[in-house]
file start10.cif (mmCIF, C-alpha atoms and all ligand atoms)
data_my_file
#
loop_
_atom_site.label_atom_id
_atom_site.label_comp_id
_atom_site.auth_asym_id
_atom_site.auth_seq_id
_atom_site.Cartn_x
_atom_site.Cartn_y
_atom_site.Cartn_z
CA MET A 287 48.44 89.12 220.90
CA ARG A 288 50.09 91.43 223.39
CA TYR A 289 46.79 92.86 224.56
CA GLN A 290 45.31 91.24 227.51
CA ARG A 291 41.67 91.80 227.98
CA ARG A 292 41.09 93.66 231.18
CA SER A 293 40.58 90.72 233.41
CA LEU A 294 39.34 92.34 236.56
CA MET A 295 35.77 92.22 237.66
CA ARG A 296 34.39 94.41 240.35
CA LEU A 297 31.40 93.35 242.38
CA PHE A 298 28.62 95.63 243.46
CA GLU A 299 28.60 96.60 247.13
CA TYR A 300 25.70 94.27 247.89
CA GLN A 301 27.45 91.33 246.21
CA GLY A 302 30.63 92.03 248.16
CA LYS A 303 28.68 92.22 251.40
CA ALA A 304 26.99 88.90 250.67
CA LEU A 305 30.46 87.44 250.33
CA PHE A 306 31.56 89.12 253.58
CA ALA A 307 28.59 87.63 255.37
CA ARG A 308 29.49 84.19 254.04
CA TYR A 309 32.93 84.53 255.61
CA GLY A 310 31.54 85.76 258.91
CA ILE A 311 32.55 89.40 258.49
CA PRO A 312 29.90 91.54 260.21
CA VAL A 313 27.77 93.69 257.89
CA PRO A 314 24.61 95.68 258.63
CA ARG A 315 21.25 94.11 257.75
CA SER A 316 20.24 95.25 254.30
CA LEU A 317 17.89 94.61 251.38
CA LEU A 318 18.25 95.32 247.70
CA ALA A 319 15.53 97.46 246.06
CA GLU A 320 14.86 98.42 242.47
CA ASN A 321 11.98 100.84 242.90
CA GLU A 322 10.26 103.02 245.46
CA SER A 323 7.81 100.41 246.67
CA GLN A 324 10.60 97.91 247.28
CA VAL A 325 12.40 100.62 249.25
CA LEU A 326 9.30 101.03 251.44
CA SER A 327 9.05 97.30 252.08
CA ALA A 328 12.72 97.32 253.02
CA VAL A 329 12.13 100.20 255.43
CA ASP A 330 9.27 98.26 257.03
CA GLU A 331 11.48 95.24 257.40
CA LEU A 332 14.56 97.05 258.76
CA GLY A 333 13.03 99.95 260.68
CA LEU A 334 14.07 103.59 260.45
CA PRO A 335 16.53 105.20 260.07
CA VAL A 336 18.05 103.54 257.03
CA VAL A 337 20.82 104.38 254.62
CA ILE A 338 19.97 104.34 250.91
CA LYS A 339 22.97 103.53 248.74
CA ALA A 340 23.30 103.63 244.95
CA GLN A 341 24.57 100.29 243.62
CA VAL A 342 27.08 101.37 241.01
CA LEU A 343 30.58 100.12 240.36
CA SER A 344 32.16 103.57 240.49
CA GLY A 345 33.57 104.74 243.80
CA GLY A 346 32.94 108.10 245.42
CA ARG A 347 29.21 107.58 245.76
CA GLY A 348 29.20 109.45 249.03
CA ARG A 349 30.44 112.65 247.41
CA ALA A 350 28.15 112.21 244.40
CA GLY A 351 25.05 112.10 246.60
CA GLY A 352 24.58 108.38 246.19
CA VAL A 353 24.66 107.55 249.92
CA VAL A 354 22.02 109.14 252.11
CA VAL A 355 20.59 108.55 255.59
CA VAL A 356 16.79 108.86 255.81
CA LYS A 357 14.67 109.11 258.95
CA THR A 358 11.10 109.00 257.62
CA ARG A 359 9.11 106.97 255.11
CA ASP A 360 8.47 110.10 253.03
CA ALA A 361 12.15 110.92 252.89
CA ALA A 362 12.86 107.30 251.93
CA VAL A 363 10.54 107.56 248.92
CA GLY A 364 11.87 110.97 247.87
CA GLU A 365 15.51 109.97 248.20
CA ALA A 366 14.93 106.62 246.52
CA ARG A 367 13.53 108.43 243.50
CA ARG A 368 16.40 110.91 243.46
CA VAL A 369 19.17 108.31 243.83
CA LEU A 370 17.59 106.03 241.20
CA GLY A 371 17.89 108.97 238.80
CA LEU A 372 21.52 109.54 239.70
CA THR A 373 24.46 108.84 237.42
CA VAL A 374 27.76 108.22 239.22
CA GLY A 375 30.95 108.24 237.18
CA GLY A 376 28.91 107.87 233.97
CA GLU A 377 27.02 104.94 235.38
CA PRO A 378 23.25 105.05 235.87
CA THR A 379 21.95 103.70 239.18
CA ARG A 380 19.86 100.60 238.59
CA SER A 381 19.34 99.44 242.15
CA LEU A 382 19.62 100.59 245.73
CA LEU A 383 20.86 98.94 248.85
CA VAL A 384 18.66 99.82 251.80
CA GLU A 385 20.59 99.26 254.97
CA GLU A 386 19.96 99.74 258.67
CA ALA A 387 21.80 102.93 259.61
CA SER A 388 24.73 102.39 261.88
CA GLU A 389 25.53 104.74 264.75
CA HIS A 390 29.26 104.79 264.83
CA SER A 391 31.97 106.85 266.42
CA ALA A 392 34.88 106.24 264.06
CA GLU A 393 35.66 104.94 260.57
CA MET A 394 38.69 102.80 259.80
CA TYR A 395 40.08 101.38 256.58
CA LEU A 396 41.04 97.75 255.98
CA ALA A 397 42.06 96.01 252.79
CA VAL A 398 43.83 92.95 251.45
CA SER A 399 45.37 93.51 248.09
CA LEU A 400 47.41 91.50 245.63
CA ASP A 401 50.72 93.18 244.95
CA ARG A 402 51.47 92.06 241.40
CA GLY A 403 55.07 93.25 241.48
CA ARG A 404 55.89 91.33 244.62
CA ARG A 405 53.43 88.54 243.78
CA GLU A 406 52.09 88.47 247.30
CA PHE A 407 49.12 89.67 249.27
CA VAL A 408 49.46 92.61 251.59
CA ALA A 409 47.09 93.76 254.30
CA LEU A 410 46.58 97.51 254.60
CA ALA A 411 44.88 99.34 257.39
CA SER A 412 44.35 102.83 258.65
CA ARG A 413 42.82 104.26 261.79
CA SER A 414 40.97 106.85 259.75
CA GLY A 415 38.97 105.59 256.80
CA GLY A 416 35.83 106.83 255.10
CA THR A 417 35.76 109.16 252.17
CA GLU A 418 38.96 110.89 253.31
CA VAL A 419 41.21 107.91 252.87
CA GLU A 420 42.34 108.79 249.35
CA SER A 421 43.55 112.21 250.42
CA GLN A 422 45.49 110.78 253.33
CA ALA A 423 49.22 110.79 253.62
CA ARG A 424 50.56 107.37 252.69
CA GLY A 425 52.12 107.22 256.15
CA ALA A 426 48.74 106.93 257.86
CA ILE A 427 48.28 103.51 256.28
CA VAL A 428 50.07 100.58 257.88
CA GLU A 429 50.91 97.54 255.87
CA VAL A 430 51.89 93.92 256.51
CA PRO A 431 52.81 91.27 253.96
CA VAL A 432 50.62 88.17 253.98
CA PRO A 433 52.48 84.84 253.80
CA LEU A 434 51.33 82.43 251.09
CA ASP A 435 49.81 80.07 253.63
CA GLY A 436 47.80 82.80 255.24
CA LEU A 437 47.90 85.33 258.00
CA THR A 438 48.49 84.04 261.52
CA ASP A 439 46.60 85.31 264.51
CA ASP A 440 49.81 86.92 265.74
CA ALA A 441 50.41 88.80 262.49
CA ALA A 442 46.81 90.02 262.48
CA SER A 443 47.15 91.16 266.09
CA ALA A 444 50.39 92.94 265.29
CA LEU A 445 48.66 95.00 262.62
CA GLY A 446 45.90 95.94 265.08
CA ALA A 447 48.51 96.89 267.66
CA LYS A 448 50.31 99.10 265.12
CA LEU A 449 47.03 100.96 264.74
CA GLY A 450 46.83 101.34 268.51
CA LEU A 451 43.66 99.27 268.88
CA ASP A 452 42.76 97.58 272.15
CA GLY A 453 40.03 95.67 273.94
CA ARG A 454 37.01 94.51 271.98
CA THR A 455 38.02 96.52 268.91
CA ALA A 456 41.43 94.83 268.78
CA SER A 457 40.01 91.33 268.98
CA GLU A 458 37.26 91.97 266.43
CA PHE A 459 39.78 93.61 264.13
CA ARG A 460 41.98 90.52 264.29
CA SER A 461 39.09 88.24 263.46
CA ILE A 462 37.82 90.40 260.59
CA LEU A 463 41.28 90.74 259.10
CA ARG A 464 41.83 86.98 259.17
CA ARG A 465 38.45 86.32 257.57
CA LEU A 466 39.05 88.98 254.94
CA GLU A 467 42.41 87.47 254.11
CA LYS A 468 40.90 83.98 253.87
CA LEU A 469 38.18 85.31 251.57
CA SER A 470 40.72 87.05 249.40
CA ARG A 471 42.83 83.90 249.01
CA GLU A 472 40.00 81.41 248.53
CA GLU A 473 38.01 83.55 246.10
CA GLU A 474 41.13 84.69 244.23
CA CYS A 475 40.55 88.39 244.68
CA GLU A 476 42.78 91.18 243.46
CA LEU A 477 41.45 93.45 246.15
CA VAL A 478 39.03 93.29 249.03
CA GLU A 479 38.45 96.52 250.84
CA ILE A 480 36.30 97.62 253.75
CA ASN A 481 35.98 101.38 253.79
CA PRO A 482 34.65 102.40 256.16
CA LEU A 483 35.06 99.74 258.79
CA ALA A 484 32.87 101.42 261.39
CA VAL A 485 33.67 101.39 265.10
CA HIS A 486 30.56 101.42 267.27
CA LEU A 487 30.40 103.13 270.65
CA ASP A 488 30.80 99.76 272.36
CA GLY A 489 34.01 99.11 270.41
CA SER A 490 32.47 96.55 268.02
CA LEU A 491 33.18 96.69 264.30
CA VAL A 492 31.00 96.42 261.17
CA ALA A 493 31.79 96.66 257.45
CA LEU A 494 29.76 99.59 256.08
CA ASP A 495 31.04 99.30 252.52
CA SER A 496 32.63 96.61 250.39
CA LYS A 497 34.89 96.75 247.40
CA VAL A 498 35.72 93.37 245.92
CA VAL A 499 37.71 93.02 242.72
CA LEU A 500 37.99 89.50 241.37
CA ASP A 501 40.39 88.07 238.90
CA ASP A 502 38.15 87.32 235.99
CA ASN A 503 40.54 84.60 234.77
CA ALA A 504 39.73 82.66 237.90
CA LEU A 505 35.99 82.93 237.36
CA PHE A 506 35.59 79.45 235.97
CA ARG A 507 36.66 78.13 239.35
CA HIS A 508 33.89 80.18 240.97
CA PRO A 509 30.76 79.53 238.95
CA GLU A 510 28.64 81.29 241.58
CA PHE A 511 30.11 84.61 240.48
CA SER A 512 29.41 84.25 236.79
CA GLN A 513 25.79 85.09 237.43
CA LEU A 514 26.94 87.94 239.62
CA ALA A 515 29.14 89.30 236.88
CA PRO A 516 27.90 92.83 236.39
CA GLU A 517 27.52 93.59 232.74
CA ASP A 518 29.60 96.40 231.33
CA PRO A 519 26.97 98.89 230.11
CA LEU A 520 29.31 100.07 227.33
CA GLU A 521 29.73 96.53 226.03
CA GLY A 522 25.96 96.18 225.85
CA GLU A 523 25.70 99.39 223.90
CA ALA A 524 28.48 98.43 221.52
CA ALA A 525 26.67 95.18 220.81
CA LYS A 526 23.54 97.11 219.83
CA PHE A 527 25.49 98.79 217.02
CA GLY A 528 27.36 95.64 216.10
CA PHE A 529 30.70 97.15 217.08
CA ALA A 530 33.49 94.90 218.25
CA PHE A 531 34.39 96.56 221.54
CA VAL A 532 36.81 95.56 224.27
CA ARG A 533 37.55 97.64 227.30
CA LEU A 534 41.27 97.76 228.18
CA ASP A 535 43.05 99.41 231.06
CA GLY A 536 44.96 102.29 229.43
CA ASN A 537 43.95 105.85 228.61
CA ILE A 538 43.89 106.03 224.79
CA ALA A 539 40.54 105.09 223.25
CA VAL A 540 41.19 103.45 219.88
CA VAL A 541 38.49 103.56 217.21
CA GLY A 542 38.91 102.25 213.69
CA ASN A 543 37.23 100.35 210.91
CA GLY A 544 38.18 96.75 210.29
CA ALA A 545 39.66 94.35 212.82
CA GLY A 546 43.08 94.27 211.12
CA LEU A 547 43.39 98.03 211.11
CA VAL A 548 42.28 98.38 214.71
CA LEU A 549 44.66 95.67 215.90
CA SER A 550 47.58 97.18 214.05
CA THR A 551 46.70 100.54 215.59
CA LEU A 552 46.86 98.90 219.01
CA ASP A 553 50.30 97.58 218.10
CA LEU A 554 51.44 101.05 217.14
CA VAL A 555 50.11 102.47 220.40
CA ALA A 556 51.91 99.81 222.44
CA ASP A 557 55.14 100.23 220.46
CA SER A 558 55.03 103.96 221.10
CA GLY A 559 54.75 103.40 224.84
CA GLY A 560 51.02 104.13 225.07
CA ARG A 561 48.21 102.10 226.61
CA ALA A 562 44.84 101.67 225.00
CA ALA A 563 41.63 102.31 226.98
CA CYS A 564 39.60 100.20 224.57
CA PHE A 565 39.44 99.04 221.06
CA LEU A 566 36.37 99.66 219.01
CA ASP A 567 35.97 98.29 215.52
CA LEU A 568 33.21 100.05 213.63
CA GLY A 569 33.07 97.29 211.05
CA GLY A 570 32.81 97.75 207.33
CA GLY A 571 30.33 100.50 206.55
CA ALA A 572 31.35 103.32 208.85
CA GLN A 573 28.51 105.68 208.01
CA ARG A 574 28.08 108.96 209.76
CA ASP A 575 25.62 107.69 212.39
CA ARG A 576 27.87 104.77 213.29
CA VAL A 577 30.88 107.05 213.69
CA GLU A 578 28.77 109.26 215.95
CA ALA A 579 27.56 106.31 218.02
CA ALA A 580 31.13 105.04 218.43
CA LEU A 581 32.39 108.40 219.68
CA ARG A 582 29.47 108.84 222.05
CA LEU A 583 30.36 105.46 223.45
CA VAL A 584 34.10 105.93 223.93
CA ARG A 585 33.76 109.40 225.39
CA ARG A 586 32.02 107.72 228.33
CA LEU A 587 35.13 105.71 229.18
CA PRO A 588 36.22 107.41 232.39
CA ASP A 589 39.92 106.69 231.85
CA ALA A 590 40.18 107.73 228.19
CA LYS A 591 42.20 110.93 228.03
CA VAL A 592 42.47 111.02 224.26
CA ILE A 593 40.54 109.43 221.40
CA LEU A 594 42.51 107.99 218.52
CA VAL A 595 40.56 107.49 215.32
CA ASN A 596 42.06 105.51 212.48
CA ILE A 597 39.80 105.15 209.47
CA PHE A 598 40.64 103.86 206.08
CA GLY A 599 37.94 104.77 203.60
CA GLY A 600 37.28 101.99 201.18
CA ILE A 601 33.55 101.51 201.19
CA THR A 602 33.42 104.15 203.87
CA ARG A 603 33.12 107.72 202.65
CA THR A 604 35.72 109.74 204.46
CA THR A 605 33.51 112.85 204.32
CA ASP A 606 30.82 110.92 206.21
CA VAL A 607 33.37 110.09 208.88
CA ALA A 608 34.44 113.73 209.13
CA GLU A 609 30.85 114.88 209.46
CA GLY A 610 30.20 112.31 212.15
CA LEU A 611 33.23 113.50 214.13
CA ARG A 612 32.16 117.12 213.83
CA GLY A 613 28.62 116.29 214.85
CA VAL A 614 29.62 114.60 218.09
CA LEU A 615 32.18 117.25 218.94
CA SER A 616 29.50 119.92 218.75
CA GLU A 617 27.34 118.10 221.34
CA GLU A 618 29.49 118.39 224.43
CA PRO A 619 33.14 118.77 225.32
CA MET A 620 35.15 115.57 225.23
CA ALA A 621 38.70 114.29 225.25
CA PRO A 622 40.91 115.53 222.40
CA VAL A 623 40.67 113.55 219.17
CA CYS A 624 43.70 112.58 217.05
CA ALA A 625 42.58 111.24 213.71
CA ARG A 626 43.96 109.64 210.63
CA ILE A 627 41.40 109.47 207.88
CA SER A 628 42.55 108.31 204.53
CA GLY A 629 40.92 107.13 201.32
CA ALA A 630 38.70 108.58 198.65
CA ASP A 631 37.85 112.27 199.12
CA GLN A 632 40.28 112.58 201.99
CA GLU A 633 41.19 116.18 201.14
CA GLU A 634 37.57 117.13 201.37
CA ALA A 635 37.24 115.24 204.68
CA HIS A 636 40.30 116.99 206.10
CA ALA A 637 38.94 120.35 205.00
CA LEU A 638 35.69 119.60 206.82
CA LEU A 639 37.66 119.05 210.01
CA SER A 640 39.87 122.09 209.81
CA GLY A 641 39.10 124.46 212.63
CA SER A 642 37.03 121.78 214.42
CA GLY A 643 39.66 121.14 217.08
CA ILE A 644 40.20 117.59 215.83
CA LEU A 645 43.84 116.97 215.06
CA VAL A 646 44.16 115.33 211.65
CA PHE A 647 47.32 113.50 210.61
CA GLY A 648 48.55 112.16 207.33
CA SER A 649 49.56 108.77 208.67
CA ALA A 650 48.50 106.39 211.41
CA GLN A 651 51.99 106.59 212.88
CA GLU A 652 51.76 110.37 213.33
CA ALA A 653 48.27 110.18 214.83
CA VAL A 654 49.41 107.52 217.28
CA LEU A 655 52.47 109.52 218.34
CA ALA A 656 50.35 112.61 218.90
CA ALA A 657 47.88 110.61 221.01
CA VAL A 658 50.63 109.05 223.10
CA GLU A 659 52.23 112.46 223.52
CA ALA A 660 48.91 113.93 224.62
CA VAL A 661 48.65 111.54 227.56
CA SER A 662 52.31 111.60 228.61
CA PRO A 663 52.83 113.40 231.88
P1 LIG B 1 31.57 105.36 248.74
O1 LIG B 1 31.61 106.85 248.86
O2 LIG B 1 31.16 104.93 247.37
O3 LIG B 1 32.83 104.71 249.18
O4 LIG B 1 30.39 104.85 249.72
P2 LIG B 1 30.39 104.37 251.23
O5 LIG B 1 29.54 103.17 251.34
O6 LIG B 1 31.76 104.21 251.78
O7 LIG B 1 29.64 105.54 251.98
C1 LIG B 1 30.18 106.85 252.06
C2 LIG B 1 30.05 107.36 253.49
O8 LIG B 1 28.70 107.32 253.92
C3 LIG B 1 30.81 106.50 254.50
O9 LIG B 1 32.16 106.90 254.62
C4 LIG B 1 30.03 106.75 255.77
O10 LIG B 1 30.54 107.88 256.44
C5 LIG B 1 28.63 107.03 255.30
N1 LIG B 1 27.80 105.83 255.54
C6 LIG B 1 27.70 104.71 254.80
N2 LIG B 1 26.87 103.82 255.39
C7 LIG B 1 26.46 104.39 256.54
C8 LIG B 1 25.62 103.98 257.62
O11 LIG B 1 25.05 102.90 257.67
N3 LIG B 1 25.42 104.88 258.62
C9 LIG B 1 25.99 106.10 258.62
N4 LIG B 1 25.76 106.94 259.64
N5 LIG B 1 26.82 106.50 257.66
C10 LIG B 1 27.05 105.68 256.63
MN MN B 2 33.43 103.50 250.72
#

call {"tool": "encode", "arguments": {"input": "start10.cif", "output": "structure tokens"}}
result
Amino acid sequence: MRYQRRSLMRLFEYQGKALFARYGIPVPRSLLAENESQVLSAVDELGLPVVIKAQVLSGGRGRAGGVVVVKTRDAAVGEARRVLGLTVGGEPTRSLLVEEASEHSAEMYLAVSLDRGRREFVALASRSGGTEVESQARGAIVEVPVPLDGLTDDAASALGAKLGLDGRTASEFRSILRRLEKLSREEECELVEINPLAVHLDGSLVALDSKVVLDDNALFRHPEFSQLAPEDPLEGEAAKFGFAFVRLDGNIAVVGNGAGLVLSTLDLVADSGGRAACFLDLGGGAQRDRVEAALRLVRRLPDAKVILVNIFGGITRTTDVAEGLRGVLSEEPMAPVCARISGADQEEAHALLSGSGILVFGSAQEAVLAAVEAVSP
């Protein structure tokens, strides 16, 4: 098969920080909490002020209100309740990291990333990190290739010097970068990122956030992570309905009935230059409620820019499918839907969808081309 299962696994911040600590990278003291009373115990243990941080895999928690500094026990309880009710990037917050708040004067950015094209690791760093780093000009980030046998002290120092660091900050930067690079190599990471890497008033450094993306194919060599493996909430949901569901890394959500049909739809998408965001096989009896459940599920895929539905109605009544599509569409706005629905009563099904905004095509090929077209820049 040409479709590789998305083989990247992202760790939660607290898991990444545990890994950092194991490699001697400085992190603030912190405790994981799942409810308000655990937050209070953490506050008692760490002392105020603390930072309460939503443990979700999506980035941009700061902007979404998922990172907050609290100065009193009352505020800790109130904010814990609020953040536990928060959904970031479609992902509900299940736990919080309670961390001693760090007084810092600057935020830097540091990462080691696997460059697939060049098949080598690169170290990336910027003097200004934090939530602004994405909007920064590329030029603000300095980069050095990492040799296969690791980064020397000199190479690490050179990167620090390029950033204009000196004194205590320069030497701690060198040590953190070397440890981060060692971690990345030994744990077979695609990406390890510290953003922000906070600079304290005395020039010392501490990792305030972690982003660790592992190569899932290497997991068997790292059994300790299998238990860490965060479960994909969408996969859990799909299992509840008995759907075969696999998340992929493109932007076209593919939904169909029957494994053969869904796989051939994936082939068509790939042949037309498109990339699937998932495949979801509804299975045999695609009744109205199952069609609805499937669409509610795929519309939560953050990267899906279009939904491609390919249904062949054998046992499935095509009018049921059409009603299911209409039902979900009326709930809330979602990505455009390109559909091919064929089989018994298909004229009636198509009539039900006319004026609904769903684009209906006579053949799978046409539906696929329209979907690919819809996501082309
Ligand atoms: P992200 O938005 O998901 O990347 O979450 P971060 O963990 O990077 O937090 C967002 C921002 O909150 C950071 O850029 C910091 O400015 C701030 N922040 C995070 N932890 C602390 C902390 O311990 N103390 C203080 N003062 N600010 C923090
Ligand atoms: Mn961050």

call {"tool": "axis_aligned_box", "arguments": {"input": "start10.cif", "around": "ligand LIG 1 (chain B)", "padding_each_side": "5 Å", "output": "AutoDock Vina command-line options"}}
result
--center_x 28.9 --center_y 105.4 --center_z 253.5 --size_x 17.8 --size_y 15.0 --size_z 22.3

call {"tool": "residues_around", "arguments": {"input": "start10.cif", "residues": "region 345-354 of chain A", "least_positions_apart": "3", "cutoff": "8 Å", "atoms": "only C-alpha atoms", "output": "ChimeraX atom specification"}}
result
/A:337-340,342,365,369,372,374-375,417

call {"tool": "residues_around", "arguments": {"input": "start10.cif", "residues": "Asp589 (chain A)", "least_positions_apart": "6", "cutoff": "10 Å", "atoms": "only C-alpha atoms", "output": "VMD selection string"}}
result
chain A and resid 534 to 539 562 to 564

call {"tool": "atom_distance", "arguments": {"input": "start10.cif", "atom1": "CA of Glu609 (chain A)", "atom2": "CA of Gly522 (chain A)"}}
result
25.3 Å

call {"tool": "closest_residue", "arguments": {"input": "start10.cif", "among": "A:Val478, A:Val532, A:Leu581, A:Ala656", "to": "Gly560 (chain A)", "atoms": "all atoms listed in the file"}}
result
A:Ala656

call {"tool": "atom_distance", "arguments": {"input": "start10.cif", "atom1": "CA of Arg471 (chain A)", "atom2": "CA of Ser496 (chain A)"}}
result
16.4 Å

call {"tool": "residues_around", "arguments": {"input": "start10.cif", "residues": "Leu638 (chain A)", "least_positions_apart": "3", "cutoff": "7 Å", "atoms": "only C-alpha atoms", "output": "MDAnalysis selection string"}}
result
chainID A and resid 608 634:635

call {"tool": "residues_around", "arguments": {"input": "start10.cif", "residues": "region 639-652 of chain A", "least_positions_apart": "2", "cutoff": "12 Å", "atoms": "only C-alpha atoms", "output": "NGL selection string"}}
result
:A and (540-542 or 547-548 or 550-558 or 592-598 or 604-616 or 619-629 or 632-637 or 654-660)

call {"tool": "write_last_selection", "arguments": {"input": "start10.cif", "atoms": "C-alpha atoms", "output": "PDB file, keeping the file's coordinate frame"}}
result
ATOM      1  CA  VAL A 540      41.190 103.450 219.880  1.00  0.00           C
ATOM      2  CA  VAL A 541      38.490 103.560 217.210  1.00  0.00           C
ATOM      3  CA  GLY A 542      38.910 102.250 213.690  1.00  0.00           C
ATOM      4  CA  LEU A 547      43.390  98.030 211.110  1.00  0.00           C
ATOM      5  CA  VAL A 548      42.280  98.380 214.710  1.00  0.00           C
ATOM      6  CA  SER A 550      47.580  97.180 214.050  1.00  0.00           C
ATOM      7  CA  THR A 551      46.700 100.540 215.590  1.00  0.00           C
ATOM      8  CA  LEU A 552      46.860  98.900 219.010  1.00  0.00           C
ATOM      9  CA  ASP A 553      50.300  97.580 218.100  1.00  0.00           C
ATOM     10  CA  LEU A 554      51.440 101.050 217.140  1.00  0.00           C
ATOM     11  CA  VAL A 555      50.110 102.470 220.400  1.00  0.00           C
ATOM     12  CA  ALA A 556      51.910  99.810 222.440  1.00  0.00           C
ATOM     13  CA  ASP A 557      55.140 100.230 220.460  1.00  0.00           C
ATOM     14  CA  SER A 558      55.030 103.960 221.100  1.00  0.00           C
ATOM     15  CA  VAL A 592      42.470 111.020 224.260  1.00  0.00           C
ATOM     16  CA  ILE A 593      40.540 109.430 221.400  1.00  0.00           C
ATOM     17  CA  LEU A 594      42.510 107.990 218.520  1.00  0.00           C
ATOM     18  CA  VAL A 595      40.560 107.490 215.320  1.00  0.00           C
ATOM     19  CA  ASN A 596      42.060 105.510 212.480  1.00  0.00           C
ATOM     20  CA  ILE A 597      39.800 105.150 209.470  1.00  0.00           C
ATOM     21  CA  PHE A 598      40.640 103.860 206.080  1.00  0.00           C
ATOM     22  CA  THR A 604      35.720 109.740 204.460  1.00  0.00           C
ATOM     23  CA  THR A 605      33.510 112.850 204.320  1.00  0.00           C
ATOM     24  CA  ASP A 606      30.820 110.920 206.210  1.00  0.00           C
ATOM     25  CA  VAL A 607      33.370 110.090 208.880  1.00  0.00           C
ATOM     26  CA  ALA A 608      34.440 113.730 209.130  1.00  0.00           C
ATOM     27  CA  GLU A 609      30.850 114.880 209.460  1.00  0.00           C
ATOM     28  CA  GLY A 610      30.200 112.310 212.150  1.00  0.00           C
ATOM     29  CA  LEU A 611      33.230 113.500 214.130  1.00  0.00           C
ATOM     30  CA  ARG A 612      32.160 117.120 213.830  1.00  0.00           C
ATOM     31  CA  GLY A 613      28.620 116.290 214.850  1.00  0.00           C
ATOM     32  CA  VAL A 614      29.620 114.600 218.090  1.00  0.00           C
ATOM     33  CA  LEU A 615      32.180 117.250 218.940  1.00  0.00           C
ATOM     34  CA  SER A 616      29.500 119.920 218.750  1.00  0.00           C
ATOM     35  CA  PRO A 619      33.140 118.770 225.320  1.00  0.00           C
ATOM     36  CA  MET A 620      35.150 115.570 225.230  1.00  0.00           C
ATOM     37  CA  ALA A 621      38.700 114.290 225.250  1.00  0.00           C
ATOM     38  CA  PRO A 622      40.910 115.530 222.400  1.00  0.00           C
ATOM     39  CA  VAL A 623      40.670 113.550 219.170  1.00  0.00           C
ATOM     40  CA  CYS A 624      43.700 112.580 217.050  1.00  0.00           C
ATOM     41  CA  ALA A 625      42.580 111.240 213.710  1.00  0.00           C
ATOM     42  CA  ARG A 626      43.960 109.640 210.630  1.00  0.00           C
ATOM     43  CA  ILE A 627      41.400 109.470 207.880  1.00  0.00           C
ATOM     44  CA  SER A 628      42.550 108.310 204.530  1.00  0.00           C
ATOM     45  CA  GLY A 629      40.920 107.130 201.320  1.00  0.00           C
ATOM     46  CA  GLN A 632      40.280 112.580 201.990  1.00  0.00           C
ATOM     47  CA  GLU A 633      41.190 116.180 201.140  1.00  0.00           C
ATOM     48  CA  GLU A 634      37.570 117.130 201.370  1.00  0.00           C
ATOM     49  CA  ALA A 635      37.240 115.240 204.680  1.00  0.00           C
ATOM     50  CA  HIS A 636      40.300 116.990 206.100  1.00  0.00           C
ATOM     51  CA  ALA A 637      38.940 120.350 205.000  1.00  0.00           C
ATOM     52  CA  VAL A 654      49.410 107.520 217.280  1.00  0.00           C
ATOM     53  CA  LEU A 655      52.470 109.520 218.340  1.00  0.00           C
ATOM     54  CA  ALA A 656      50.350 112.610 218.900  1.00  0.00           C
ATOM     55  CA  ALA A 657      47.880 110.610 221.010  1.00  0.00           C
ATOM     56  CA  VAL A 658      50.630 109.050 223.100  1.00  0.00           C
ATOM     57  CA  GLU A 659      52.230 112.460 223.520  1.00  0.00           C
ATOM     58  CA  ALA A 660      48.910 113.930 224.620  1.00  0.00           C
TER      59      ALA A 660
END

call {"tool": "residues_around", "arguments": {"input": "start10.cif", "residues": "Glu474 (chain A)", "least_positions_apart": "3", "cutoff": "9 Å", "atoms": "all atoms listed in the file", "output": "list in words"}}
result
Leu469, Ser470, Arg471, Leu477, Leu500, Asp501, Ala504 and Leu505 of chain A

call {"tool": "atom_distance", "arguments": {"input": "start10.cif", "atom1": "CA of Val492 (chain A)", "atom2": "CA of Thr373 (chain A)"}}
result
27.6 Å

call {"tool": "residues_near_point", "arguments": {"input": "start10.cif", "point": "(13.0, 98.2, 252.5)", "cutoff": "9 Å", "atoms": "only C-alpha atoms", "output": "PyMOL selection string"}}
result
chain A and resi 316-319+322-333+336+383-385

call {"tool": "closest_residue", "arguments": {"input": "start10.cif", "among": "A:Asn481, A:Ser414, A:Asn543, A:Ser461", "to": "Leu566 (chain A)", "atoms": "all atoms listed in the file"}}
result
A:Asn543

call {"tool": "closest_residue", "arguments": {"input": "start10.cif", "among": "A:Asp401, A:Glu299, A:Glu617, A:Glu386", "to": "ligand MN 2 (chain B)", "atoms": "only C-alpha atoms and all ligand atoms"}}
result
A:Glu299

call {"tool": "closest_residue", "arguments": {"input": "start10.cif", "among": "A:Arg582, A:Ala397, A:Leu451, A:Ser457", "to": "Val430 (chain A)", "atoms": "only C-alpha atoms"}}
result
A:Ala397

call {"tool": "closest_residue", "arguments": {"input": "start10.cif", "among": "A:Gly569, A:Pro482, A:Gly302, A:Pro312", "to": "Phe527 (chain A)", "atoms": "all atoms listed in the file"}}
result
A:Gly569

call {"tool": "closest_residue", "arguments": {"input": "start10.cif", "among": "A:Gly559, A:Gly371, A:Pro519, A:Gly599", "to": "Arg586 (chain A)", "atoms": "all atoms listed in the file"}}
result
A:Pro519
